[in-house]
Amino acid sequence: MFQGSIVALVTPMNPDGSIDYEGYLKLLDFHISNGSDGVVVVGTTGEAPTIDFDEHVSLIKEAVSFVDGKIPVIAGTGANSTKEAIFLTEQAKKYNADACLLVTPYYNKPNQKGLYAHYKAINDAVDIPQILYNVPSRTGCDLTNETIIELSHQKNIVGIKDATGDLNRIDFIKNKVDTKFGLISGDDISFLHFLKKGGSAVISVTANVAPRQMHMICKMIQEKKYGEAESLNDTIKRLHEMMFIEPNPIPVKWALSHMGLINGMIRLPMVKLDPMHQEELSKLIDRIR
């Protein structure tokens with residue numbers, strides 16, 4: 001259903017911490033113009049944990065309206081409360097998002113029965129394409145292969161963003177999930193190999209600053225030009241690593257600020273990138289531009 005390089009979009013903010021909507025629309029235009037195959041708004045990279053409900057809904061609404069069908073808009077609507085996740089997913093449907101990205105409930109750490117019931121409840125409540133999102137390194141909660149396979153047969157559940165970095169998972173599930181079910185990498189460092197194994201897309205942090213390169217790598221893999229894809233990916237390999245030198249989205253917001261695309265403001269408890277990393281990151285960005 002979704003293919004190519006889908007950028008996990010940051011949320012630009014003004015110096016006072018308010019949402020910079022003008023900068024947000026300019027950033028969306030930047031990605032439309034530079035080849036991103038889709039956007040995820042108000043996800044982890046978009047600072048969803050520190051964005052309130054009104055802002056969350058407004059960011060979805062503004063993105064869908066501005067993009068106007070040029071590329072898919074996937075709305076982050078996950079929460080550790082099923083009721084809240086349903087509410088946000090309903091709002092995404094109301095404002096015509098193309099799909100929703102639903103992270104596993106964090107901190108409360110439900111078991112697999114609880115995870116199945118959580119996603120089944122959202123599936124039953126809102127008729128919109130829904131993508132599971134498994135990132136146990138941040139949530140403390142792992143969605144097992146068996147639960148993914150079981151959920152893949154639900155009507156509205158159309159794929160998974162796998163950010164575990166464990167390539168054995170795609171091998172295990174790819175022939176067992178429903179035929180409509182898309183396999184999307186959520187790990188920039190291993191995404192190329194994930195796509196070579198049968199994945200259709202990557203939801204990428206790196207694509208914020210290297211959209212053309214990420215789009216081209218995905219296109220090359222689709223065309224089975226694996227050598228060319230690997231060569232191009234080698235040129236941004238260190239950038240992938242630097243995007244996670246501190247917790248996301250600290251490095252990527254600093255990088256976009258260095259590029260002059262956004263104000264570098266980030267909400268507490270996140271803080272600006274440590275100066276010890278800034279020189280290397282600035283050199284990497286200047287080299288690929």
# chains A, B, ... in the order shown; residues from 1 in each chain; ligands from 1
>>> select_by_dssp(residues="segment 83-139 of chain A", states="alpha helix (DSSP H)", output="VMD selection string")
chain A and resid 83 to 94 112 to 125 136 to 139
>>> write_last_selection(atoms="C-alpha atoms", output="PDB file, in the first residue's frame")
ATOM      1  CA  LYS A  83      -9.388   5.436  24.311  1.00  0.00           C
ATOM      2  CA  GLU A  84      -6.949   8.225  23.377  1.00  0.00           C
ATOM      3  CA  ALA A  85      -5.621   6.279  20.388  1.00  0.00           C
ATOM      4  CA  ILE A  86      -9.174   5.794  19.110  1.00  0.00           C
ATOM      5  CA  PHE A  87      -9.909   9.508  19.529  1.00  0.00           C
ATOM      6  CA  LEU A  88      -6.793  10.575  17.603  1.00  0.00           C
ATOM      7  CA  THR A  89      -7.456   7.974  14.902  1.00  0.00           C
ATOM      8  CA  GLU A  90     -11.024   9.258  14.534  1.00  0.00           C
ATOM      9  CA  GLN A  91      -9.646  12.768  14.079  1.00  0.00           C
ATOM     10  CA  ALA A  92      -7.207  11.567  11.430  1.00  0.00           C
ATOM     11  CA  LYS A  93     -10.092   9.971   9.547  1.00  0.00           C
ATOM     12  CA  LYS A  94     -12.186  13.129   9.938  1.00  0.00           C
ATOM     13  CA  GLN A 112       0.404  -9.878  23.883  1.00  0.00           C
ATOM     14  CA  LYS A 113      -3.291 -10.438  24.669  1.00  0.00           C
ATOM     15  CA  GLY A 114      -3.546  -6.802  25.713  1.00  0.00           C
ATOM     16  CA  LEU A 115      -1.750  -5.632  22.573  1.00  0.00           C
ATOM     17  CA  TYR A 116      -4.054  -7.670  20.370  1.00  0.00           C
ATOM     18  CA  ALA A 117      -7.123  -6.299  22.156  1.00  0.00           C
ATOM     19  CA  HIS A 118      -5.772  -2.730  21.899  1.00  0.00           C
ATOM     20  CA  TYR A 119      -5.237  -2.875  18.147  1.00  0.00           C
ATOM     21  CA  LYS A 120      -8.428  -4.854  17.555  1.00  0.00           C
ATOM     22  CA  ALA A 121     -10.428  -2.155  19.378  1.00  0.00           C
ATOM     23  CA  ILE A 122      -8.953   0.600  17.178  1.00  0.00           C
ATOM     24  CA  ASN A 123      -9.498  -1.512  14.061  1.00  0.00           C
ATOM     25  CA  ASP A 124     -13.154  -2.012  14.972  1.00  0.00           C
ATOM     26  CA  ALA A 125     -13.750   1.621  15.957  1.00  0.00           C
ATOM     27  CA  PRO A 136      10.547  -1.723  21.839  1.00  0.00           C
ATOM     28  CA  SER A 137      13.757   0.220  22.478  1.00  0.00           C
ATOM     29  CA  ARG A 138      11.591   3.287  23.183  1.00  0.00           C
ATOM     30  CA  THR A 139       8.318   1.808  24.418  1.00  0.00           C
TER      31      THR A 139
END
>>> select_by_dssp(residues="segment 80-240 of chain A", states="strand (DSSP E)", output="number ranges by chain")
A: 99-103, 130-134, 157-162, 182-185, 201-204
>>> residues_around(residues="Asn108 of chain A", least_positions_apart="2", cutoff="12 Å", atoms="only C-alpha atoms", output="ChimeraX atom specification")
/A:79-82,104-106,110-111,114-115,139-142
>>> write_last_selection(atoms="C-alpha atoms", output="short mmCIF file (atom, residue, chain, number, x, y, z; two decimals), in the first residue's frame")
data_model
loop_
_atom_site.label_atom_id
_atom_site.label_comp_id
_atom_site.auth_asym_id
_atom_site.auth_seq_id
_atom_site.Cartn_x
_atom_site.Cartn_y
_atom_site.Cartn_z
CA ALA A 79 -1.14 6.30 22.62
CA ASN A 80 -0.72 4.15 25.71
CA SER A 81 -4.45 4.64 26.30
CA THR A 82 -6.69 2.80 23.85
CA THR A 104 2.56 0.02 20.81
CA PRO A 105 1.32 1.33 24.18
CA TYR A 106 4.34 2.57 26.07
CA PRO A 110 0.66 -4.73 28.08
CA ASN A 111 1.14 -8.41 27.33
CA GLY A 114 -3.55 -6.80 25.71
CA LEU A 115 -1.75 -5.63 22.57
CA THR A 139 8.32 1.81 24.42
CA GLY A 140 9.50 -1.07 26.58
CA CYS A 141 6.87 -3.16 24.80
CA ASP A 142 7.50 -5.69 22.02
#
>>> closest_residue(among="A:Thr164, A:Asn156, A:Val209, A:Asp20", to="Leu256 of chain A", atoms="only C-alpha atoms")
A:Val209
>>> closest_residue(among="A:Thr235, A:Asn248, A:Met243, A:Val103", to="Arg287 of chain A", atoms="only C-alpha atoms")
A:Thr235
>>> closest_residue(among="A:Lys272, A:Lys180, A:Lys174, A:Lys219", to="Gly199 of chain A", atoms="only C-alpha atoms")
A:Lys174
>>> residues_around(residues="Asn14 of chain A", least_positions_apart="4", cutoff="7 Å", atoms="only C-alpha atoms", output="JSON, numbers by chain")
{"A": [18, 19, 20, 263, 265]}
>>> write_last_selection(atoms="N, CA and C atoms", output="PDB file, in the first residue's frame")
ATOM      1  N   SER A  18       5.918  27.443  20.643  1.00  0.00           N
ATOM      2  CA  SER A  18       4.657  27.223  19.920  1.00  0.00           C
ATOM      3  C   SER A  18       4.942  26.601  18.552  1.00  0.00           C
ATOM      4  N   ILE A  19       3.919  26.009  17.955  1.00  0.00           N
ATOM      5  CA  ILE A  19       4.071  25.379  16.644  1.00  0.00           C
ATOM      6  C   ILE A  19       4.307  26.449  15.582  1.00  0.00           C
ATOM      7  N   ASP A  20       5.323  26.227  14.765  1.00  0.00           N
ATOM      8  CA  ASP A  20       5.612  27.126  13.647  1.00  0.00           C
ATOM      9  C   ASP A  20       4.901  26.569  12.405  1.00  0.00           C
ATOM     10  N   ASN A 263      13.611  26.596  12.582  1.00  0.00           N
ATOM     11  CA  ASN A 263      14.204  27.038  13.833  1.00  0.00           C
ATOM     12  C   ASN A 263      14.554  25.771  14.630  1.00  0.00           C
ATOM     13  N   MET A 265      14.305  25.040  17.654  1.00  0.00           N
ATOM     14  CA  MET A 265      13.617  24.873  18.938  1.00  0.00           C
ATOM     15  C   MET A 265      13.096  23.449  19.115  1.00  0.00           C
TER      16      MET A 265
END
>>> atom_distance(atom1="atom CA of Ala97 of chain A", atom2="atom CA of Ile60 of chain A")
7.3 Å
>>> residues_around(residues="Gln278 of chain A", least_positions_apart="4", cutoff="9 Å", atoms="only C-alpha atoms", output="list in words")
Pro251, Trp254, Ala255, Leu273, Asp274, Ser282 and Lys283 of chain A
>>> write_last_selection(atoms="C-alpha atoms", output="mmCIF file, in the first residue's frame")
data_model
loop_
_atom_site.group_PDB
_atom_site.id
_atom_site.type_symbol
_atom_site.label_atom_id
_atom_site.label_comp_id
_atom_site.auth_asym_id
_atom_site.auth_seq_id
_atom_site.Cartn_x
_atom_site.Cartn_y
_atom_site.Cartn_z
ATOM 1 C CA PRO A 251 20.019 15.494 16.056
ATOM 2 C CA TRP A 254 19.649 20.521 14.848
ATOM 3 C CA ALA A 255 20.535 19.331 11.322
ATOM 4 C CA LEU A 273 22.282 18.740 20.402
ATOM 5 C CA ASP A 274 25.487 18.667 22.442
ATOM 6 C CA SER A 282 27.425 19.922 10.045
ATOM 7 C CA LYS A 283 30.242 18.543 7.866
#
>>> residues_around(residues="Gly76 of chain A", least_positions_apart="3", cutoff="6 Å", atoms="only C-alpha atoms", output="VMD selection string")
chain A and resid 41 to 43 100 to 101
>>> residues_around(residues="Arg267 of chain A", least_positions_apart="4", cutoff="10 Å", atoms="only C-alpha atoms", output="list in words")
Met13, Pro15, Asp16, Gly17, Ser18, Glu47, Pro49, Thr50, Ile51, Ile250, Val271 and Lys272 of chain A
>>> closest_residue(among="A:Gly165, A:Gly69, A:Gly182, A:Gly227", to="Gly4 of chain A", atoms="only C-alpha atoms")
A:Gly182
>>> decode(residues="segment 231-247 of chain A", atoms="N, CA and C atoms", output="JSON list (two decimals), in the first residue's frame")
[["chain", "number", "residue", "atom", "x", "y", "z"],
["A", 231, "SER", "N", 25.79, 1.50, -2.95],
["A", 231, "SER", "CA", 26.81, 2.55, -3.12],
["A", 231, "SER", "C", 26.29, 3.90, -2.65],
["A", 232, "LEU", "N", 25.05, 4.23, -3.04],
["A", 232, "LEU", "CA", 24.47, 5.50, -2.62],
["A", 232, "LEU", "C", 24.24, 5.51, -1.11],
["A", 233, "ASN", "N", 23.79, 4.40, -0.58],
["A", 233, "ASN", "CA", 23.55, 4.34, 0.87],
["A", 233, "ASN", "C", 24.86, 4.50, 1.65],
["A", 234, "ASP", "N", 25.96, 4.01, 1.09],
["A", 234, "ASP", "CA", 27.25, 4.16, 1.76],
["A", 234, "ASP", "C", 27.62, 5.63, 1.95],
["A", 235, "THR", "N", 27.15, 6.49, 1.05],
["A", 235, "THR", "CA", 27.49, 7.92, 1.14],
["A", 235, "THR", "C", 26.76, 8.61, 2.29],
["A", 236, "ILE", "N", 25.69, 8.00, 2.79],
["A", 236, "ILE", "CA", 24.95, 8.61, 3.91],
["A", 236, "ILE", "C", 24.90, 7.68, 5.13],
["A", 237, "LYS", "N", 25.73, 6.65, 5.11],
["A", 237, "LYS", "CA", 25.73, 5.69, 6.21],
["A", 237, "LYS", "C", 26.01, 6.36, 7.55],
["A", 238, "ARG", "N", 27.03, 7.25, 7.57],
["A", 238, "ARG", "CA", 27.36, 7.92, 8.83],
["A", 238, "ARG", "C", 26.25, 8.87, 9.25],
["A", 239, "LEU", "N", 25.54, 9.45, 8.27],
["A", 239, "LEU", "CA", 24.41, 10.32, 8.59],
["A", 239, "LEU", "C", 23.32, 9.52, 9.30],
["A", 240, "HIS", "N", 23.04, 8.30, 8.82],
["A", 240, "HIS", "CA", 22.07, 7.44, 9.52],
["A", 240, "HIS", "C", 22.45, 7.31, 10.99],
["A", 241, "GLU", "N", 23.73, 7.04, 11.23],
["A", 241, "GLU", "CA", 24.20, 6.83, 12.60],
["A", 241, "GLU", "C", 24.08, 8.11, 13.43],
["A", 242, "MET", "N", 24.43, 9.25, 12.81],
["A", 242, "MET", "CA", 24.41, 10.51, 13.54],
["A", 242, "MET", "C", 22.99, 10.95, 13.91],
["A", 243, "MET", "N", 22.01, 10.51, 13.15],
["A", 243, "MET", "CA", 20.63, 10.87, 13.48],
["A", 243, "MET", "C", 20.19, 10.30, 14.82],
["A", 244, "PHE", "N", 20.98, 9.34, 15.35],
["A", 244, "PHE", "CA", 20.63, 8.72, 16.63],
["A", 244, "PHE", "C", 21.79, 8.80, 17.62],
["A", 245, "ILE", "N", 22.70, 9.76, 17.40],
["A", 245, "ILE", "CA", 23.81, 9.95, 18.32],
["A", 245, "ILE", "C", 23.32, 10.44, 19.68],
["A", 246, "GLU", "N", 22.18, 11.14, 19.66],
["A", 246, "GLU", "CA", 21.40, 11.48, 20.85],
["A", 246, "GLU", "C", 19.95, 11.12, 20.54],
["A", 247, "PRO", "N", 19.07, 11.08, 21.55],
["A", 247, "PRO", "CA", 17.70, 10.64, 21.29],
["A", 247, "PRO", "C", 17.01, 11.46, 20.20]]
